[in-house]
Amino acid sequence: MFLNSIPEISKALESIMPPECGLSKAEFEGPDVAIYLKNIRAFYEDENLIRKIAGTLRKRVIIRSDPSSLMTPEEALAKIKEIVPPEAGMTEIRFSPEFCEVWIESLKPGLVIGKGGSTLKQIILITKWAPKILRTPTMPSDTIKGIRAAGLKEADKRKKFLSALGKKISTPVVKSDWVKVTALGGFKEVGRSCLLVQTPNNKILIDCGINPETSEGTRAYPYLNAMNLALDELDAVIVTHAHLDHCGFIPYLFAYGFDGPVYCTPPTRDLMALLQFDYLDVLAKGNANPPYQEKHIRQELSHVVAREYDEVTDISPEIKLTFHNAGHILGSSMVHLHIGEGLHNLVYTGDIKYGYTKLFEPANTSFPRIETLFMESTYGARGDIMPSRQDTDRMLMERIHQTIQNKGRVLIPVFSVGRSQEIMLVLEEYALTHGDTFECPVYIDGMILEASAIHTAYPEYLKPAVQRRILSNRSPFESKIFEVVKGDRKAIAEGDPAVILAPSGMLSGGPSIEYLRMMAEDPKNLLVFAGYQSSLSMGRRIQRGQKEIPTTGPDGRLASLKVNMNVTTVEGFSGHSDRNQLINFAKNIKPTPERIFTMHGDEAKCDDLANGISRITRCESRALMNLDAIRLK
Ligand SMILES: [Zn+2]
């Protein structure tokens, strides 16, 4: 039996729970149910009760005390400080009366939780406040601070939103008998990723990005208008990861009538906020027209329903969502949708790395069921084979070493999220093992520092080796080889030998282009391309050998800059899979899909990958185009 309403849920709870628990109310909280009790101690006396309840409701259940039984915040604060050992490094204890929760931020959440949750249990039994445990990043992060503060400040609004959402998710519908998808962006191209999934009952977007390499409206944003899609009719948006080509357009939806949930992992929420606020900043500096304002980003953040990998969540009466590790950047995920009771299962990969990196485990290949797979093709052409990571790391360090010895400086334009952290780990490891011969500073500019700080708040998303280092206060991102650029870029660009990591990754703006202007003419310097360069970008033009770049001179007039510095491309650091990895992913994915649609790649690459997959896996495969609509069931 599916329990669809609060009265039904309350009735079921009354029949399972001993009356002494004092059930005061049950409430929807998005996909979850929150249960409020007058006597929480009685509840914890029966260890099997929580399992019984979750089994009956078939939802995630949150247990809280009735407001009448709460200790005053002052008393509770003192008690919590008594209960939690000082080694836990609590940095902030704040109360959310709307949810009867106490938010405890600490450097070692494991010690706040205690063995088998024993410390947590003590907190709730004594203070009656339900503890919500958050990790304090080892490096300060304004983004995380801001998001947490806003979460507390807007608790009242958030509560109303979650309750209405929960009701909608639980209201029964007439069973769907068809599923249709429409490609709205990122098909036969890289940028503005967006897929509309439709049933008779629901309209859901997976990703909603921009193309950061162009400002032309017709190429920069997904085809929402072409569909006559009323944004207030959308039921949900699901985000695979925080890169702007996957999430940069979501605040626009809020600016024009969307008011529903945004599902993503917790690190995706934080990185997404960082990159979207920066996007507006960059547009403002370039006097370009922004498609939305800061308040729409804040609106989006207050509508995020964060979910971890492998958690199955009802996002409508008949659609279940599960995120799976994609191996691409922090928090990146593949989206699995189970639609109807067994009607259809689809997986949308977003960007995937099915290979070795220092930061993340390779993309997951095992799913409960899957009929249709949408798969990225960034490096999908036959020639797109990357060297091994070992060779890549060696090549990079050889080139850097040479340049430093010749008294040059190295500029590596990087995405602030993803490649920066991967390359920081390579440089840090090299410095550790070659300390006596490698003694140059590595400058970190732009948002790389803030993005790295966010990584330290989510060590469980990183590989065990990196995780261990962060947990034991030896975070590689805080190594002494890294120096944060605070002031004079010119002094660094023209100073002693050094390595400079700076966004943007495709030299389309940000500090990297500033450094390029100051470094390009000196033949002793080196420019290293370590990530994807889109066909429209400045990076691609220089990579292809363009020796003069248009620039604005000191008098404001158009001038040109000679590229005399060495230019090299180090393939293999990519957070994307190369051709072999993509084919292996398609071969290894379990169970075998009935059909595979390729996307997220230049036209030839999407076609080439689809051909390869059809030939090698004998699975029907082809590349979709933007505005293609397909009935899946
Ligand atoms: Zn990406």
# chains A, B, ... in the order shown; residues from 1 in each chain; ligands from 1
$ select_by_dssp --residues "region 398-613 of chain A" --states "helix (DSSP H, G or I)" --output "NGL selection string"
:A and (398-405 or 419-433 or 448-456 or 459-461 or 464-471 or 476-478 or 489-493 or 510-519 or 538-543 or 579-588 or 603-613)
$ residues_near_ligand --ligand "ligand 1" --cutoff "7 Å" --atoms "only C-alpha atoms and all ligand atoms" --output "list in words"
His241, His243, His328 and Asp351 of chain A
$ residues_around --residues "region 206-217 of chain A" --least-positions-apart "2" --cutoff "8 Å" --atoms "only C-alpha atoms" --output "mmCIF file with N, CA, C and O atoms, in the first residue's frame"
data_model
loop_
_atom_site.group_PDB
_atom_site.id
_atom_site.type_symbol
_atom_site.label_atom_id
_atom_site.label_comp_id
_atom_site.auth_asym_id
_atom_site.auth_seq_id
_atom_site.Cartn_x
_atom_site.Cartn_y
_atom_site.Cartn_z
ATOM 1 N N GLY A 185 19.369 20.997 -25.728
ATOM 2 C CA GLY A 185 20.678 21.646 -25.782
ATOM 3 C C GLY A 185 21.781 20.652 -25.474
ATOM 4 O O GLY A 185 21.574 19.700 -24.729
ATOM 5 N N VAL A 190 28.953 20.996 -27.637
ATOM 6 C CA VAL A 190 29.298 21.041 -26.219
ATOM 7 C C VAL A 190 28.837 22.386 -25.692
ATOM 8 O O VAL A 190 29.198 23.425 -26.245
ATOM 9 N N GLY A 191 28.038 22.371 -24.651
ATOM 10 C CA GLY A 191 27.472 23.610 -24.117
ATOM 11 C C GLY A 191 25.974 23.496 -24.035
ATOM 12 O O GLY A 191 25.375 22.674 -24.742
ATOM 13 N N ARG A 192 25.356 24.326 -23.125
ATOM 14 C CA ARG A 192 23.912 24.435 -22.915
ATOM 15 C C ARG A 192 23.186 23.090 -22.823
ATOM 16 O O ARG A 192 22.125 22.905 -23.401
ATOM 17 N N SER A 193 23.764 22.123 -22.117
ATOM 18 C CA SER A 193 23.130 20.812 -21.992
ATOM 19 C C SER A 193 21.735 20.931 -21.386
ATOM 20 O O SER A 193 21.535 21.643 -20.407
ATOM 21 N N CYS A 194 20.770 20.225 -21.992
ATOM 22 C CA CYS A 194 19.402 20.251 -21.477
ATOM 23 C C CYS A 194 18.563 19.172 -22.154
ATOM 24 O O CYS A 194 18.535 19.068 -23.375
ATOM 25 N N LEU A 195 17.914 18.351 -21.345
ATOM 26 C CA LEU A 195 17.031 17.307 -21.880
ATOM 27 C C LEU A 195 15.695 17.384 -21.146
ATOM 28 O O LEU A 195 15.654 17.407 -19.917
ATOM 29 N N LEU A 196 14.612 17.415 -21.940
ATOM 30 C CA LEU A 196 13.266 17.408 -21.345
ATOM 31 C C LEU A 196 12.734 15.976 -21.338
ATOM 32 O O LEU A 196 12.718 15.309 -22.366
ATOM 33 N N VAL A 197 12.323 15.512 -20.176
ATOM 34 C CA VAL A 197 11.720 14.183 -20.052
ATOM 35 C C VAL A 197 10.246 14.390 -19.721
ATOM 36 O O VAL A 197 9.918 15.087 -18.761
ATOM 37 N N ILE A 204 10.067 17.120 -16.771
ATOM 38 C CA ILE A 204 11.272 17.250 -15.950
ATOM 39 C C ILE A 204 12.455 17.605 -16.837
ATOM 40 O O ILE A 204 12.609 17.036 -17.929
ATOM 41 N N ARG A 219 22.676 30.732 -29.497
ATOM 42 C CA ARG A 219 23.616 29.623 -29.330
ATOM 43 C C ARG A 219 24.002 29.408 -27.876
ATOM 44 O O ARG A 219 24.543 28.388 -27.506
ATOM 45 N N ALA A 220 23.736 30.419 -27.047
ATOM 46 C CA ALA A 220 24.210 30.348 -25.661
ATOM 47 C C ALA A 220 23.260 29.589 -24.748
ATOM 48 O O ALA A 220 23.691 28.984 -23.779
ATOM 49 N N TYR A 221 21.956 29.617 -25.051
ATOM 50 C CA TYR A 221 20.972 29.054 -24.115
ATOM 51 C C TYR A 221 20.182 27.913 -24.752
ATOM 52 O O TYR A 221 20.031 27.861 -25.963
ATOM 53 N N PRO A 222 19.636 27.013 -23.915
ATOM 54 C CA PRO A 222 18.860 25.894 -24.455
ATOM 55 C C PRO A 222 17.586 26.361 -25.175
ATOM 56 O O PRO A 222 17.128 27.475 -24.959
ATOM 57 N N VAL A 237 13.833 20.108 -11.838
ATOM 58 C CA VAL A 237 15.072 20.158 -12.601
ATOM 59 C C VAL A 237 16.080 19.275 -11.879
ATOM 60 O O VAL A 237 16.177 19.323 -10.650
ATOM 61 N N ILE A 238 16.799 18.462 -12.640
ATOM 62 C CA ILE A 238 17.807 17.590 -12.048
ATOM 63 C C ILE A 238 19.165 18.023 -12.602
ATOM 64 O O ILE A 238 19.303 18.212 -13.811
ATOM 65 N N VAL A 239 20.152 18.196 -11.741
ATOM 66 C CA VAL A 239 21.456 18.693 -12.194
ATOM 67 C C VAL A 239 22.518 17.607 -12.034
ATOM 68 O O VAL A 239 22.699 17.078 -10.939
ATOM 69 N N THR A 240 23.256 17.318 -13.125
ATOM 70 C CA THR A 240 24.306 16.303 -13.032
ATOM 71 C C THR A 240 25.542 16.847 -12.324
ATOM 72 O O THR A 240 26.103 16.182 -11.469
ATOM 73 N N LEU A 244 29.073 25.197 -15.726
ATOM 74 C CA LEU A 244 28.019 26.081 -16.215
ATOM 75 C C LEU A 244 27.327 25.554 -17.461
ATOM 76 O O LEU A 244 26.184 25.885 -17.717
ATOM 77 N N ASP A 245 28.016 24.728 -18.246
ATOM 78 C CA ASP A 245 27.338 24.208 -19.436
ATOM 79 C C ASP A 245 26.279 23.163 -19.045
ATOM 80 O O ASP A 245 25.552 22.666 -19.902
ATOM 81 N N HIS A 246 26.163 22.862 -17.769
ATOM 82 C CA HIS A 246 25.124 21.940 -17.297
ATOM 83 C C HIS A 246 24.125 22.595 -16.340
ATOM 84 O O HIS A 246 23.022 22.077 -16.165
ATOM 85 N N CYS A 247 24.518 23.685 -15.702
ATOM 86 C CA CYS A 247 23.598 24.279 -14.722
ATOM 87 C C CYS A 247 23.462 25.797 -14.834
ATOM 88 O O CYS A 247 22.668 26.404 -14.125
ATOM 89 N N GLY A 248 24.220 26.423 -15.753
ATOM 90 C CA GLY A 248 24.293 27.885 -15.772
ATOM 91 C C GLY A 248 22.992 28.598 -16.084
ATOM 92 O O GLY A 248 22.881 29.804 -15.859
ATOM 93 N N PHE A 249 21.984 27.888 -16.614
ATOM 94 C CA PHE A 249 20.746 28.573 -17.008
ATOM 95 C C PHE A 249 19.598 28.345 -16.024
ATOM 96 O O PHE A 249 18.508 28.869 -16.208
ATOM 97 N N ILE A 250 19.845 27.558 -14.977
ATOM 98 C CA ILE A 250 18.750 27.221 -14.045
ATOM 99 C C ILE A 250 18.142 28.465 -13.370
ATOM 100 O O ILE A 250 16.919 28.578 -13.282
ATOM 101 N N SER A 508 38.996 32.372 -22.046
ATOM 102 C CA SER A 508 37.882 33.198 -22.538
ATOM 103 C C SER A 508 37.582 34.343 -21.582
ATOM 104 O O SER A 508 36.608 35.060 -21.751
ATOM 105 N N SER A 534 36.938 24.450 -26.303
ATOM 106 C CA SER A 534 35.798 24.384 -27.218
ATOM 107 C C SER A 534 36.138 25.085 -28.529
ATOM 108 O O SER A 534 37.012 25.948 -28.579
ATOM 109 N N LEU A 536 34.892 27.334 -30.173
ATOM 110 C CA LEU A 536 34.716 28.779 -30.279
ATOM 111 C C LEU A 536 35.726 29.559 -29.450
ATOM 112 O O LEU A 536 35.764 30.781 -29.478
ATOM 113 N N SER A 537 36.562 28.853 -28.687
ATOM 114 C CA SER A 537 37.343 29.553 -27.664
ATOM 115 C C SER A 537 38.682 30.105 -28.174
ATOM 116 O O SER A 537 39.250 29.622 -29.140
#
$ closest_residue --among "A:Met395, A:Ala363, A:Val499, A:Val112" --to "Met424 (chain A)" --atoms "only C-alpha atoms"
A:Val499
$ select_by_dssp --residues "region 451-597 of chain A" --states "strand (DSSP E)" --output "VMD selection string"
chain A and resid 482 to 484 499 to 502 526 to 529 548 to 552 558 to 562 566 to 569 595 to 597
$ write_last_selection --atoms "C-alpha atoms" --output "compact mmCIF listing (two decimals), in the first residue's frame"
# COMPACT_ATOMS: atom_id res chain seq x y z
CA PHE A 482 50.73 26.81 -3.14
CA GLU A 483 50.60 30.57 -2.89
CA VAL A 484 47.35 32.42 -3.25
CA VAL A 499 53.83 27.94 -12.10
CA ILE A 500 50.53 29.81 -12.35
CA LEU A 501 47.16 28.09 -12.26
CA ALA A 502 44.38 30.47 -13.31
CA LEU A 526 55.32 28.14 -21.37
CA LEU A 527 51.56 27.90 -21.88
CA VAL A 528 50.08 24.49 -21.03
CA PHE A 529 46.63 23.41 -22.20
CA GLU A 548 48.78 36.80 -32.95
CA ILE A 549 45.94 37.54 -30.59
CA PRO A 550 43.76 40.62 -30.83
CA THR A 551 43.90 42.58 -27.59
CA THR A 552 43.21 46.06 -26.31
CA LEU A 558 42.69 47.34 -30.69
CA ALA A 559 46.20 45.95 -30.86
CA SER A 560 47.68 42.55 -31.37
CA LEU A 561 49.77 40.42 -29.10
CA LYS A 562 52.49 38.10 -30.39
CA ASN A 566 56.02 27.95 -25.93
CA VAL A 567 52.61 26.33 -26.25
CA THR A 568 51.96 22.73 -25.39
CA THR A 569 48.94 20.53 -24.87
CA ARG A 595 19.57 1.88 -27.15
CA ILE A 596 22.26 4.49 -26.65
CA PHE A 597 21.96 8.11 -27.73
$ closest_atom_pairs --of "region 246-307 of chain A" --to "region 140-150 of chain A" --cutoff "10 Å" --atoms "only C-alpha atoms" --output "tab-separated table"
residue	atom	partner	partner_atom	distance
A:Pro267	CA	A:Ile144	CA	9.6
A:Arg269	CA	A:Ile147	CA	9.0
A:Asp270	CA	A:Ile144	CA	6.4
A:Leu271	CA	A:Thr143	CA	8.1
A:Met272	CA	A:Thr143	CA	9.9
A:Ala273	CA	A:Thr143	CA	7.3
A:Leu274	CA	A:Thr143	CA	6.3
A:Phe277	CA	A:Thr143	CA	9.8
A:Arg298	CA	A:Ala150	CA	8.6
A:Leu301	CA	A:Ile147	CA	7.7
A:Ser302	CA	A:Ala150	CA	8.0
$ atom_distance --atom1 "CA of Leu234 (chain A)" --atom2 "CA of Gly260 (chain A)"
7.3 Å
$ closest_residue --among "A:Ser170, A:Thr372, A:Ser504, A:Ser96" --to "Glu27 (chain A)" --atoms "only C-alpha atoms"
A:Ser170
$ atom_distance --atom1 "CA of Gln122 (chain A)" --atom2 "CA of Leu23 (chain A)"
20.3 Å
$ residues_around --residues "Lys108 (chain A)" --least-positions-apart "2" --cutoff "9 Å" --atoms "only C-alpha atoms" --output "ChimeraX atom specification"
/A:87-90,105-106,110-112,135-136,471
$ closest_residue --among "A:Gln467, A:Ser621, A:Gln581, A:Ser366" --to "Thr598 (chain A)" --atoms "only C-alpha atoms"
A:Ser621
$ residues_around --residues "Thr456 (chain A)" --least-positions-apart "4" --cutoff "12 Å" --atoms "only C-alpha atoms" --output "number ranges by chain"
A: 107-108, 135-141, 144, 267, 330, 359, 421, 449-452, 460-462, 466-478
$ atom_distance --atom1 "CA of Pro459 (chain A)" --atom2 "CA of Ala306 (chain A)"
16.7 Å
$ closest_residue --among "A:Asp391, A:Asp445, A:Glu189, A:Asp496" --to "Asp602 (chain A)" --atoms "only C-alpha atoms"
A:Glu189
$ decode --residues "region 544-589 of chain A" --atoms "C-alpha atoms" --output "CSV table (one decimal), in the first residue's frame"
chain,number,residue,atom,x,y,z
A,544,ARG,CA,45.9,25.4,-33.3
A,545,GLY,CA,48.9,27.7,-33.8
A,546,GLN,CA,47.5,31.2,-34.0
A,547,LYS,CA,50.5,33.5,-33.3
A,548,GLU,CA,48.8,36.8,-32.9
A,549,ILE,CA,45.9,37.5,-30.6
A,550,PRO,CA,43.8,40.6,-30.8
A,551,THR,CA,43.9,42.6,-27.6
A,552,THR,CA,43.2,46.1,-26.3
A,553,GLY,CA,46.3,48.2,-26.0
A,554,PRO,CA,47.0,50.7,-23.1
A,555,ASP,CA,45.4,53.5,-25.2
A,556,GLY,CA,42.1,51.4,-25.5
A,557,ARG,CA,42.7,50.8,-29.1
A,558,LEU,CA,42.7,47.3,-30.7
A,559,ALA,CA,46.2,45.9,-30.9
A,560,SER,CA,47.7,42.6,-31.4
A,561,LEU,CA,49.8,40.4,-29.1
A,562,LYS,CA,52.5,38.1,-30.4
A,563,VAL,CA,52.5,34.6,-29.0
A,564,ASN,CA,56.2,33.9,-28.6
A,565,MET,CA,55.9,31.7,-25.6
A,566,ASN,CA,56.0,27.9,-25.9
A,567,VAL,CA,52.6,26.3,-26.3
A,568,THR,CA,52.0,22.7,-25.4
A,569,THR,CA,48.9,20.5,-24.9
A,570,VAL,CA,49.0,17.8,-22.3
A,571,GLU,CA,46.2,15.4,-23.0
A,572,GLY,CA,45.2,13.0,-20.3
A,573,PHE,CA,44.2,15.2,-17.4
A,574,SER,CA,40.8,15.5,-18.7
A,575,GLY,CA,37.8,14.9,-16.5
A,576,HIS,CA,36.2,13.4,-19.6
A,577,SER,CA,36.7,9.9,-20.8
A,578,ASP,CA,38.7,9.4,-24.0
A,579,ARG,CA,37.4,7.3,-26.9
A,580,ASN,CA,38.5,4.0,-25.4
A,581,GLN,CA,37.1,4.8,-22.0
A,582,LEU,CA,33.7,5.8,-23.5
A,583,ILE,CA,33.6,2.5,-25.5
A,584,ASN,CA,34.5,0.5,-22.4
A,585,PHE,CA,31.9,2.3,-20.4
A,586,ALA,CA,29.3,1.4,-23.1
A,587,LYS,CA,30.5,-2.2,-23.1
A,588,ASN,CA,30.7,-2.6,-19.3
A,589,ILE,CA,27.4,-0.9,-18.3
